[in-house]
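Undergrad: Questions regarding the structure given below will be posed in turn.
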Protein chains: 2
Amino acid sequence: MNLCIVSHAACRIKGKPVGPAPRPLCYNGPMQAEVLAIGSELTSGATVNTNAAYLARRLAALGIPCRRQVAVGDERSELLAALHEGLQRSTLLIVTGGLGPTFDDITMAAIAEATRRPLVYFPAVATAIRRFYTRRHRALQRAALRQAYLPRGGQPLSNALGTAAGLWLPLAHGRVLVALPGVPAEMRAITERHVLPRLKRLASGRAIESRTLRTAGIVELAIEAVLRRLRIPPEVSVGLYPNLRMVDVRLTAATRSRPQAKRSLARLEAPLRRALGVHVYGVDDETIEEAVGRLLVARRRTIAVAESCTGGLVSDRLTNVPGSSRYVRGGVIAYHNDVKRTQLGVSSTLLAKYGAVSAPVARSMAQGVRRLLGSNVGLAITGIAGPTGGTKRKPVGLVYLALADGRRVLSHRCQFFGDRLSIKAQAAQAAIDFLRRHLLRR
Amino acid sequence: MNLCIVSHAACRIKGKPVGPAPRPLCYNGPMQAEVLAIGSELTSGATVNTNAAYLARRLAALGIPCRRQVAVGDERSELLAALHEGLQRSTLLIVTGGLGPTFDDITMAAIAEATRRPLVYFPAVATAIRRFYTRRHRALQRAALRQAYLPRGGQPLSNALGTAAGLWLPLAHGRVLVALPGVPAEMRAITERHVLPRLKRLASGRAIESRTLRTAGIVELAIEAVLRRLRIPPEVSVGLYPNLRMVDVRLTAATRSRPQAKRSLARLEAPLRRALGVHVYGVDDETIEEAVGRLLVARRRTIAVAESCTGGLVSDRLTNVPGSSRYVRGGVIAYHNDVKRTQLGVSSTLLAKYGAVSAPVARSMAQGVRRLLGSNVGLAITGIAGPTGGTKRKPVGLVYLALADGRRVLSHRCQFFGDRLSIKAQAAQAAIDFLRRHLLRR
């Protein structure tokens with residue numbers, strides 16, 4: 001290991017630096033974030049804390065490293081201890097959860113106590129709560145008005161999706177405490193609309209710009225090799241974030257002015273994009289499903305999917321994109337071989353000769369689903385998700401992908417490792433990327 | 001709010017107790033757990049920390065509350081601080097991640113430093129690592145042998161899925177530190193095989209037994225009303241864990257002997273099951289997909305699914321169950337109305353008269369997919385996932401479910417709220433529960 005990539009979001013340097021001397025661990029001044037999630041549903045394990053990851057990603061895009069994520073239950077003394085520690089450690093403490101109207105929602109009271117401020121009534125918040133109930137033709141729950149009390153000195157952050165307002169609370173020494181509802185959709189909406197713009201303004205004097213190149217089909221080490229060949233300007237840091245056969249490459253520039261930061265980013269982004277080429281499927285928040293959708297719309301192509309081992313996961317992902325009904329015709333889940341034969345027209349001879357998990361059957365499935373559902377492109381996946389069904393010649397994790405577009409039929413063999421769900425997820429990911437690369441080639 | 005349910009996993013009491021006096025917050029003696037996850041992929045938001053939720057659930061089943069979950073990056077001083085704090089606060093500290101062979105995997109070294117023990121070479125671990133490489137016909141990476149060094153006094157926990165051994169490290173005053181790999185499959189395997197049995201033994205003198213009744217289609221408040229009518233023995237605590245239209249009811253008995261704990265549980269479980277009736281879909285770790293699979297196998301029925309708005313998610317979930325190929329024939333994703341007509345035989349008249357999102361179309365889809373794929377049961381979902389496509393009469397979130405079994409056709413109207421992904425998830429969940437209830441009725 002001999003890299004110069006600064007994974008700045010976590011303030012670590014991977015291995016020994018080469019090239020330019022390592023920059024200070026947290027180059028963007030004193031702002032250091034911590035996310036504190038509150039709720040016994042988290043500490044009991046009933047709910048997975050997805051909010052923390054979302055917030056960390058959004059903060060990193062502003063150049064604000066999230067040093068720590070903490071989750072505690074709704075118990076007052078635990079919560080107070082976590083608030084005190086978080087405020088000592090970090091300059092930005094983002095608290096999620098416990099803003100509801102019920103007895104065990106004690107976050108605002110605990111923040112008031114930890115910051116030694118009284119809770120005061122915010123008439124504008126009360127009006128918004130009343131309006132929320134009226135619009136839904138529901139009677140106002142008296143308890144809901146508890147949510148109109150926020151710590152003195154705080155700014156309420158309006159919540160378009162619910163009754164719990166967020167809180168922006170400036171504290172001494174430039175520190176800020178932000179409180180957000182725990183419901184992910186509400187938390188995200190308030191973050192995007194109110195918190196991120198305020199944080200951008202806070203970084204005054206310094207302009208932070210960031211850009212994420214999202215890649216698929218190239219491993220972290222290969223991207224590191226590419227980066228080592230490029231000149232990385234000293235004001236730009238690069239972080240690599242691998243996840244399920246995809247790697248996000250995030251470039252963050254911190255300079256005195258926004259135009260300068262944009263220029264610095266562009267100076268690195270252009271050669272990096274050239275070097276990564278077709279592996280880059282999108283930028284910033286674009287998912288690979290969205291990228292594929294964009295390509296299908298641009299090329300006026302429709303798609304139909306025939307799935308065996310992925311069992312519907314590819315179609316599920318493609319249809320997660322709003323507006324996907326414009327290009328997704330539909331799909332066939334051909335779990336049983338009968339369905340492969342009768343619906344997709346895979347011949348019994350082919351099934352007997354090569355087996356259901358084979359390139360010829362995958363190709364026939366892709367052609368079949370294209371014909372059957374009248375799409376321009378047919379995509380097919382067949383494989384062995386396990387845990388049983390594997391043999392020495394065809395082990396668990398063997399997956400064939402195929403694609404038919406009326407002119408030709410392509411297929412691709414993959415070998416994945418892991419448990420059933422992991423193999424399904426990797427196969428779906430590979431199939432979507434296979435489709436994307438095909439669409440790019442046209 | 002006037003409840004007597006002790007949500008013990010987080011040591012909180014919801015509202016004011018009625019009936020028996022509240023038991024001590026942590027009735028099971030001094031063991032208090034904390035989970036510390038290590039990895040910049042977590043603090044940067046690239047990866048969601050699912051390990052913490054899993055561990056909290058498994059600990060709660062042993063009556064061990066998890067008070068806090070923390071995530072920090074792989075930076076040495078952060079990690080040391082988090083280790084020190086965790087060891088002070090908790091009697092059981094479970095650390096996940098950072099056990100790999102590379103330079104930035106520093107967890108074992110940090111544990112050694114925090115507990116003032118040297119790292120020593122464990123030949124048995126080295127042998128296991130060598131065997132791992134040999135079995136995969138791969139050359140041993142020298143760096144992999146770094147993983148054979150563990151803090152003195154620790155017990156290695158063998159890892160059947162990888163090279164990183166876990167660690168069980170008994171400390172002064174009965175405290176225990178456990179270190180596990182961050183890869184979820186490896187972490188889970190070591191937990192189930194080595195950690196949970198050891199923790200059970202530690203709770204000597206006290207026998208802890210727990211049982212989770214998993215419910216669907218009944219809200220938390222209704223379950224609380226049921227519990228209030230039952231006599232809950234003082235040695236049993238009850239926790240409710242709601243998640244996506246399902247609520248887990250966990251009963252935990254702590255007594256002097258295992259038979260006594262089992263009797264205590266049974267005394268509450270029997271009347272509770274009677275009261276909750278068909279809402280209970282399974283116990284302990286059984287998922288609702290598995291419950292449906294079990295029912296389909298028992299009744300020798302096969303299933304085919306026609307999905308519109310869920311786009312494959314129902315089939316994806318049903319096929320997550322190992323062995324589901326025995327009863328899942330396949331499915332049709334009828335995203336475009338053409339597919340509903342040509343494949344599922346939904347008549348143009350029906351589509352024109354009622355629209356694609358309607359009970360008659362859902363019923364026709366269920367009959368169509370059953371006939372088309374030759375299954376015993378056909379399940380259909382059609383609805384508006386949004387964000388666009390809603391009208392005043394048919395708003396976003398409106399979903400029709402239907403089921404055909406050759407004798408009759410049932411349908412069900414639902415109205416969900418939330419964003420596109422949330423509506424898809426709720427609709428899929430409701431469809432699977434609809435199928436389950438139908439199978440129970442036969």
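Each chain of the structure tokens is named A, B, ... in the order shown, its residues numbered from 1; ligands are numbered from 1 in display order.
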Show me, as a VMD selection string, the residues that have an atom within 8 Å of region 74-80 of chain B when counting only C-alpha atoms, minus same-chain residues fewer than 4 positions from it.

TA: (chain A and resid 10 to 12) or (chain B and resid 38 to 40 84 98 104 to 107 110 to 111 113 to 114)

Undergrad: Could you dump the residues just selected with N, CA and C atoms as a CSV table (one decimal), in the first residue's frame?

TA:
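Result file result35.csv:
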```
chain,number,residue,atom,x,y,z
A,10,ALA,N,-13.3,11.0,6.4
A,10,ALA,CA,-13.0,10.4,7.8
A,10,ALA,C,-11.7,10.9,8.3
A,11,CYS,N,-11.1,11.9,7.6
A,11,CYS,CA,-9.8,12.4,8.0
A,11,CYS,C,-8.7,11.3,8.2
A,12,ARG,N,-8.7,10.4,7.2
A,12,ARG,CA,-7.6,9.4,7.4
A,12,ARG,C,-6.8,9.5,6.1
B,38,ILE,N,-16.2,0.3,13.4
B,38,ILE,CA,-15.0,1.0,13.0
B,38,ILE,C,-14.9,1.0,11.5
B,39,GLY,N,-14.7,2.1,10.9
B,39,GLY,CA,-14.5,2.1,9.4
B,39,GLY,C,-14.9,3.5,8.8
B,40,SER,N,-14.0,4.0,8.0
B,40,SER,CA,-14.3,5.3,7.4
B,40,SER,C,-15.5,5.2,6.4
B,84,HIS,N,-11.9,3.6,24.9
B,84,HIS,CA,-11.8,3.9,26.3
B,84,HIS,C,-13.2,4.3,26.9
B,98,GLY,N,-12.4,-3.4,10.8
B,98,GLY,CA,-11.0,-3.1,11.0
B,98,GLY,C,-10.1,-4.3,11.4
B,104,ASP,N,-4.6,-0.1,7.0
B,104,ASP,CA,-5.5,0.7,7.8
B,104,ASP,C,-6.5,-0.1,8.6
B,105,ASP,N,-6.2,-1.4,8.8
B,105,ASP,CA,-7.0,-2.2,9.7
B,105,ASP,C,-6.2,-2.2,11.0
B,106,ILE,N,-6.7,-1.3,12.0
B,106,ILE,CA,-5.9,-1.1,13.2
B,106,ILE,C,-6.6,-1.5,14.4
B,107,THR,N,-7.8,-2.2,14.3
B,107,THR,CA,-8.6,-2.4,15.4
B,107,THR,C,-7.9,-3.3,16.5
B,110,ALA,N,-5.3,-1.2,18.3
B,110,ALA,CA,-5.9,-0.3,19.2
B,110,ALA,C,-6.5,-0.9,20.4
B,111,ILE,N,-7.1,-2.1,20.3
B,111,ILE,CA,-7.6,-2.8,21.4
B,111,ILE,C,-6.4,-3.2,22.4
B,113,GLU,N,-3.7,-1.6,22.7
B,113,GLU,CA,-3.2,-0.4,23.4
B,113,GLU,C,-4.2,0.0,24.4
B,114,ALA,N,-5.5,0.0,24.1
B,114,ALA,CA,-6.5,0.5,25.1
B,114,ALA,C,-6.6,-0.4,26.3
```

Undergrad: Mind checking which residues fall within 12 Å of Ala428 (chain A), counting only C-alpha atoms, ignoring those fewer than 5 positions away in the same chain, and posting them as a PyMOL selection string?

TA: (chain A and resi 244-245+288-289+305-318+379-383+385+399-401+414+416+421-423+433-435) or (chain B and resi 316)

Undergrad: Write out the residues from the selection above, keeping N, CA and C atoms, as a compact mmCIF listing (two decimals), in the first residue's frame.

TA:
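File written: out10.txt
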```
# COMPACT_ATOMS: atom_id res chain seq x y z
N LEU A 244 -20.70 -2.30 -3.02
CA LEU A 244 -21.36 -3.27 -3.91
C LEU A 244 -20.92 -3.10 -5.37
N ARG A 245 -19.69 -3.40 -5.66
CA ARG A 245 -19.16 -3.39 -7.03
C ARG A 245 -19.23 -2.02 -7.69
N ILE A 288 -27.27 4.42 -10.64
CA ILE A 288 -27.03 3.75 -11.92
C ILE A 288 -28.35 3.44 -12.63
N GLU A 289 -29.42 3.23 -11.84
CA GLU A 289 -30.75 3.02 -12.44
C GLU A 289 -31.17 4.28 -13.18
N VAL A 305 -37.21 -7.17 -18.99
CA VAL A 305 -36.22 -7.97 -18.27
C VAL A 305 -36.76 -9.36 -17.99
N ALA A 306 -35.95 -10.37 -18.26
CA ALA A 306 -36.28 -11.75 -17.89
C ALA A 306 -35.34 -12.16 -16.76
N GLU A 307 -35.89 -12.45 -15.61
CA GLU A 307 -35.04 -12.74 -14.45
C GLU A 307 -35.28 -14.15 -13.95
N SER A 308 -34.19 -14.84 -13.68
CA SER A 308 -34.33 -16.10 -12.97
C SER A 308 -33.79 -15.90 -11.55
N CYS A 309 -32.48 -16.01 -11.35
CA CYS A 309 -31.96 -16.00 -9.98
C CYS A 309 -32.19 -14.68 -9.24
N THR A 310 -32.27 -13.55 -9.94
CA THR A 310 -32.47 -12.28 -9.25
C THR A 310 -33.94 -12.09 -8.84
N GLY A 311 -34.83 -12.89 -9.37
CA GLY A 311 -36.21 -12.97 -8.87
C GLY A 311 -37.00 -11.68 -8.89
N GLY A 312 -36.65 -10.72 -9.73
CA GLY A 312 -37.44 -9.48 -9.79
C GLY A 312 -36.66 -8.27 -9.32
N LEU A 313 -35.47 -8.51 -8.77
CA LEU A 313 -34.70 -7.41 -8.19
C LEU A 313 -34.25 -6.38 -9.24
N VAL A 314 -33.89 -6.85 -10.43
CA VAL A 314 -33.46 -5.91 -11.48
C VAL A 314 -34.62 -5.00 -11.87
N SER A 315 -35.80 -5.59 -12.11
CA SER A 315 -36.97 -4.79 -12.46
C SER A 315 -37.34 -3.86 -11.32
N ASP A 316 -37.27 -4.36 -10.09
CA ASP A 316 -37.57 -3.53 -8.93
C ASP A 316 -36.67 -2.30 -8.93
N ARG A 317 -35.38 -2.51 -9.17
CA ARG A 317 -34.45 -1.37 -9.15
C ARG A 317 -34.72 -0.41 -10.31
N LEU A 318 -34.93 -0.96 -11.50
CA LEU A 318 -35.19 -0.08 -12.66
C LEU A 318 -36.44 0.76 -12.42
N LEU A 379 -33.24 -7.92 -21.58
CA LEU A 379 -32.12 -8.21 -20.68
C LEU A 379 -32.48 -9.48 -19.90
N ALA A 380 -31.52 -10.39 -19.74
CA ALA A 380 -31.82 -11.64 -19.04
C ALA A 380 -30.73 -11.98 -18.03
N ILE A 381 -31.17 -12.58 -16.93
CA ILE A 381 -30.26 -12.99 -15.86
C ILE A 381 -30.63 -14.41 -15.45
N THR A 382 -29.67 -15.31 -15.46
CA THR A 382 -29.91 -16.66 -14.93
C THR A 382 -28.68 -17.11 -14.18
N GLY A 383 -28.88 -17.69 -13.01
CA GLY A 383 -27.73 -18.07 -12.21
C GLY A 383 -28.13 -18.88 -11.00
N ALA A 385 -28.21 -18.69 -7.06
CA ALA A 385 -28.08 -17.80 -5.91
C ALA A 385 -27.73 -18.57 -4.63
N VAL A 399 -23.36 -16.78 -12.62
CA VAL A 399 -24.50 -16.04 -13.19
C VAL A 399 -24.18 -15.71 -14.64
N TYR A 400 -25.15 -15.93 -15.54
CA TYR A 400 -25.03 -15.49 -16.92
C TYR A 400 -25.97 -14.32 -17.18
N LEU A 401 -25.46 -13.29 -17.83
CA LEU A 401 -26.26 -12.15 -18.26
C LEU A 401 -26.36 -12.20 -19.77
N CYS A 414 -20.46 -14.33 -15.10
CA CYS A 414 -19.91 -13.76 -13.86
C CYS A 414 -19.83 -14.84 -12.80
N PHE A 416 -19.88 -14.77 -8.69
CA PHE A 416 -19.95 -13.98 -7.46
C PHE A 416 -19.76 -14.87 -6.24
N LEU A 421 -28.54 -13.50 -0.63
CA LEU A 421 -28.97 -12.12 -0.86
C LEU A 421 -27.86 -11.30 -1.51
N SER A 422 -26.62 -11.57 -1.07
CA SER A 422 -25.50 -10.85 -1.63
C SER A 422 -25.30 -11.21 -3.11
N ILE A 423 -25.46 -12.48 -3.44
CA ILE A 423 -25.31 -12.90 -4.85
C ILE A 423 -26.41 -12.28 -5.70
N ASP A 433 -25.44 -2.71 -15.01
CA ASP A 433 -24.26 -2.10 -15.61
C ASP A 433 -24.00 -2.65 -17.02
N PHE A 434 -24.32 -3.93 -17.21
CA PHE A 434 -24.19 -4.57 -18.53
C PHE A 434 -25.09 -3.83 -19.53
N LEU A 435 -26.32 -3.56 -19.11
CA LEU A 435 -27.28 -2.82 -19.95
C LEU A 435 -26.75 -1.42 -20.24
N ASP B 316 -39.09 -10.46 -5.80
CA ASP B 316 -37.74 -10.40 -5.24
C ASP B 316 -37.75 -10.88 -3.79
```

Undergrad: Using only C-alpha atoms, which residue out of B:Thr287, B:Gly73, B:Glu41, B:Ser348 lies closest to Pro242 (chain A)?

TA: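 Nearest candidate to Pro242 (chain A) out of B:Thr287, B:Gly73, B:Glu41, B:Ser348: B:Glu41.
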
Undergrad: Can you pull out the residues contacting Leu36 (chain A)? Cut-off 9 Å, using only C-alpha atoms, and skip same-chain residues under 4 positions away; I want them as a ChimeraX atom specification.

TA: /A:52,68-72,82-83,86,93-97

Undergrad: Those residues with C-alpha atoms, as a PDB file, in the first residue's frame please?

TA:
```pdb
ATOM      1  CA  ALA A  52     -26.498   8.781   9.720  1.00  0.00           C
ATOM      2  CA  ARG A  68     -18.514  10.045  14.665  1.00  0.00           C
ATOM      3  CA  GLN A  69     -22.005   8.595  14.559  1.00  0.00           C
ATOM      4  CA  VAL A  70     -23.748   7.777  17.817  1.00  0.00           C
ATOM      5  CA  ALA A  71     -27.140   6.231  18.567  1.00  0.00           C
ATOM      6  CA  VAL A  72     -28.767   6.231  22.009  1.00  0.00           C
ATOM      7  CA  ALA A  82     -24.497  12.024  24.479  1.00  0.00           C
ATOM      8  CA  LEU A  83     -25.442  15.661  23.812  1.00  0.00           C
ATOM      9  CA  GLY A  86     -21.091  15.570  21.144  1.00  0.00           C
ATOM     10  CA  LEU A  93     -23.821  18.335  16.113  1.00  0.00           C
ATOM     11  CA  ILE A  94     -26.750  16.994  14.120  1.00  0.00           C
ATOM     12  CA  VAL A  95     -29.370  15.244  16.220  1.00  0.00           C
ATOM     13  CA  THR A  96     -32.041  13.084  14.571  1.00  0.00           C
ATOM     14  CA  GLY A  97     -35.213  11.629  16.102  1.00  0.00           C
TER      15      GLY A  97
END
```

Undergrad: Neighbours of region 367-372 of chain A within 6 Å (only C-alpha atoms; same-chain residues fewer than 3 positions away dropped), as a list in words?

TA: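 My list of contacting residues is Ala306, Leu344, Gly345, Ser364, Ser375, Val377, Gly378 and Ala404 of chain A.
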
Undergrad: Go ahead and save the picked residues with N, CA and C atoms, as a PDB file, in the first residue's frame.

TA:
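The file below, selection32.pdb, is the result:
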```
ATOM      1  N   ALA A 306     -35.945 -10.365 -18.259  1.00  0.00           N
ATOM      2  CA  ALA A 306     -36.278 -11.747 -17.886  1.00  0.00           C
ATOM      3  C   ALA A 306     -35.339 -12.160 -16.762  1.00  0.00           C
ATOM      4  N   LEU A 344     -40.952 -17.575 -22.382  1.00  0.00           N
ATOM      5  CA  LEU A 344     -39.827 -16.941 -23.055  1.00  0.00           C
ATOM      6  C   LEU A 344     -39.392 -17.711 -24.302  1.00  0.00           C
ATOM      7  N   GLY A 345     -39.977 -18.883 -24.506  1.00  0.00           N
ATOM      8  CA  GLY A 345     -39.669 -19.645 -25.702  1.00  0.00           C
ATOM      9  C   GLY A 345     -38.285 -20.274 -25.697  1.00  0.00           C
ATOM     10  N   SER A 364     -31.263 -16.911 -25.038  1.00  0.00           N
ATOM     11  CA  SER A 364     -32.614 -17.222 -25.496  1.00  0.00           C
ATOM     12  C   SER A 364     -33.655 -16.482 -24.635  1.00  0.00           C
ATOM     13  N   SER A 375     -40.381  -4.992 -26.463  1.00  0.00           N
ATOM     14  CA  SER A 375     -39.447  -3.911 -26.114  1.00  0.00           C
ATOM     15  C   SER A 375     -38.332  -3.853 -27.150  1.00  0.00           C
ATOM     16  N   VAL A 377     -35.093  -3.561 -26.241  1.00  0.00           N
ATOM     17  CA  VAL A 377     -33.979  -4.302 -25.654  1.00  0.00           C
ATOM     18  C   VAL A 377     -34.535  -5.340 -24.680  1.00  0.00           C
ATOM     19  N   GLY A 378     -33.958  -6.517 -24.715  1.00  0.00           N
ATOM     20  CA  GLY A 378     -34.298  -7.553 -23.741  1.00  0.00           C
ATOM     21  C   GLY A 378     -33.072  -7.869 -22.910  1.00  0.00           C
ATOM     22  N   ALA A 404     -30.401  -8.690 -25.707  1.00  0.00           N
ATOM     23  CA  ALA A 404     -30.787  -8.787 -27.120  1.00  0.00           C
ATOM     24  C   ALA A 404     -31.379  -7.460 -27.550  1.00  0.00           C
TER      25      ALA A 404
END
```

Undergrad: Return as number ranges by chain the full set of residues in region 13-220 of chain B whose backbone-based DSSP assignment is strand (DSSP E or B).

TA: B: 13, 33-38, 66-72, 92-96, 119-121, 149-151, 155-157, 166-170, 176-180, 207-216

Undergrad: Now that the selection is made, can you save its residues with C-alpha atoms as a PDB file, in the first residue's frame?

TA:
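So the final result, stored in selection16.pdb, reads:
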```pdb
ATOM      1  CA  ILE B  13     -40.477   2.729  30.298  1.00  0.00           C
ATOM      2  CA  ALA B  33     -23.693  -3.573  25.957  1.00  0.00           C
ATOM      3  CA  GLU B  34     -22.320  -1.031  23.558  1.00  0.00           C
ATOM      4  CA  VAL B  35     -21.568  -1.620  19.893  1.00  0.00           C
ATOM      5  CA  LEU B  36     -18.615   0.217  18.371  1.00  0.00           C
ATOM      6  CA  ALA B  37     -18.323   0.055  14.592  1.00  0.00           C
ATOM      7  CA  ILE B  38     -15.040   1.009  12.972  1.00  0.00           C
ATOM      8  CA  CYS B  66     -27.566  -2.265  24.073  1.00  0.00           C
ATOM      9  CA  ARG B  67     -27.353   1.266  25.382  1.00  0.00           C
ATOM     10  CA  ARG B  68     -25.383   2.884  22.673  1.00  0.00           C
ATOM     11  CA  GLN B  69     -24.114   2.402  19.137  1.00  0.00           C
ATOM     12  CA  VAL B  70     -21.075   4.317  17.988  1.00  0.00           C
ATOM     13  CA  ALA B  71     -19.301   4.503  14.643  1.00  0.00           C
ATOM     14  CA  VAL B  72     -15.857   6.049  14.141  1.00  0.00           C
ATOM     15  CA  LEU B  92     -19.822  -5.675  27.175  1.00  0.00           C
ATOM     16  CA  LEU B  93     -18.175  -3.794  24.318  1.00  0.00           C
ATOM     17  CA  ILE B  94     -18.589  -5.316  20.874  1.00  0.00           C
ATOM     18  CA  VAL B  95     -16.297  -3.852  18.249  1.00  0.00           C
ATOM     19  CA  THR B  96     -16.910  -4.526  14.546  1.00  0.00           C
ATOM     20  CA  LEU B 119      -0.259  -8.363  20.561  1.00  0.00           C
ATOM     21  CA  VAL B 120       0.857 -11.969  20.501  1.00  0.00           C
ATOM     22  CA  TYR B 121       1.051 -14.552  17.720  1.00  0.00           C
ATOM     23  CA  TYR B 149      -1.774 -11.400  16.140  1.00  0.00           C
ATOM     24  CA  LEU B 150      -4.341 -10.838  18.897  1.00  0.00           C
ATOM     25  CA  PRO B 151      -4.101  -9.139  22.317  1.00  0.00           C
ATOM     26  CA  GLN B 155      -9.515 -16.085  22.763  1.00  0.00           C
ATOM     27  CA  PRO B 156      -9.627 -16.188  18.946  1.00  0.00           C
ATOM     28  CA  LEU B 157     -13.079 -16.871  17.490  1.00  0.00           C
ATOM     29  CA  GLY B 166     -12.812 -12.657  16.008  1.00  0.00           C
ATOM     30  CA  LEU B 167     -11.681 -11.941  19.563  1.00  0.00           C
ATOM     31  CA  TRP B 168     -13.209 -12.679  22.963  1.00  0.00           C
ATOM     32  CA  LEU B 169     -11.248 -10.726  25.548  1.00  0.00           C
ATOM     33  CA  PRO B 170     -12.234 -11.021  29.230  1.00  0.00           C
ATOM     34  CA  VAL B 176     -15.780  -8.419  28.157  1.00  0.00           C
ATOM     35  CA  LEU B 177     -14.554  -6.960  24.890  1.00  0.00           C
ATOM     36  CA  VAL B 178     -15.513  -8.749  21.682  1.00  0.00           C
ATOM     37  CA  ALA B 179     -14.046  -7.881  18.276  1.00  0.00           C
ATOM     38  CA  LEU B 180     -15.683  -9.071  15.052  1.00  0.00           C
ATOM     39  CA  ALA B 207     -31.473 -18.102  33.021  1.00  0.00           C
ATOM     40  CA  ILE B 208     -32.618 -15.848  30.223  1.00  0.00           C
ATOM     41  CA  GLU B 209     -35.097 -17.114  27.680  1.00  0.00           C
ATOM     42  CA  SER B 210     -36.729 -15.027  25.054  1.00  0.00           C
ATOM     43  CA  ARG B 211     -39.308 -15.453  22.351  1.00  0.00           C
ATOM     44  CA  THR B 212     -40.332 -13.008  19.660  1.00  0.00           C
ATOM     45  CA  LEU B 213     -43.819 -13.134  18.178  1.00  0.00           C
ATOM     46  CA  ARG B 214     -43.713 -11.466  14.783  1.00  0.00           C
ATOM     47  CA  THR B 215     -46.920  -9.767  13.719  1.00  0.00           C
ATOM     48  CA  ALA B 216     -48.231  -8.073  10.594  1.00  0.00           C
TER      49      ALA B 216
END
```

Undergrad: Please determine, counting only C-alpha atoms, which residue among A:Arg420, A:Arg198, A:Arg393, A:Arg436 has the shortest atom-to-atom distance to Thr319 (chain B).

TA: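 Using only C-alpha atoms, the shortest distance to Thr319 (chain B) belongs to A:Arg420.
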
Undergrad: Which of these residues is nearest to chain B, using only C-alpha atoms: A:Thr302, A:Thr47, A:Gln415, A:Ser264?

TA: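 Among the listed residues, A:Thr47 lies closest to chain B.
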
Undergrad: Enumerate as number ranges by chain all residues of region 15-219 of chain A assigned to helix (DSSP H, G or I) by DSSP on the backbone, naming them with the chain letters and numbers the document uses.

TA: A: 40-43, 50-61, 76-89, 107-114, 123-135, 142-148, 172-174, 184-202

Undergrad: Kindly indicate which residue among A:Asp405, A:Asp338, A:Glu269, A:Glu286 lies nearest to chain B, using only C-alpha atoms for the distances.

TA: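 Closest candidate: A:Asp338.
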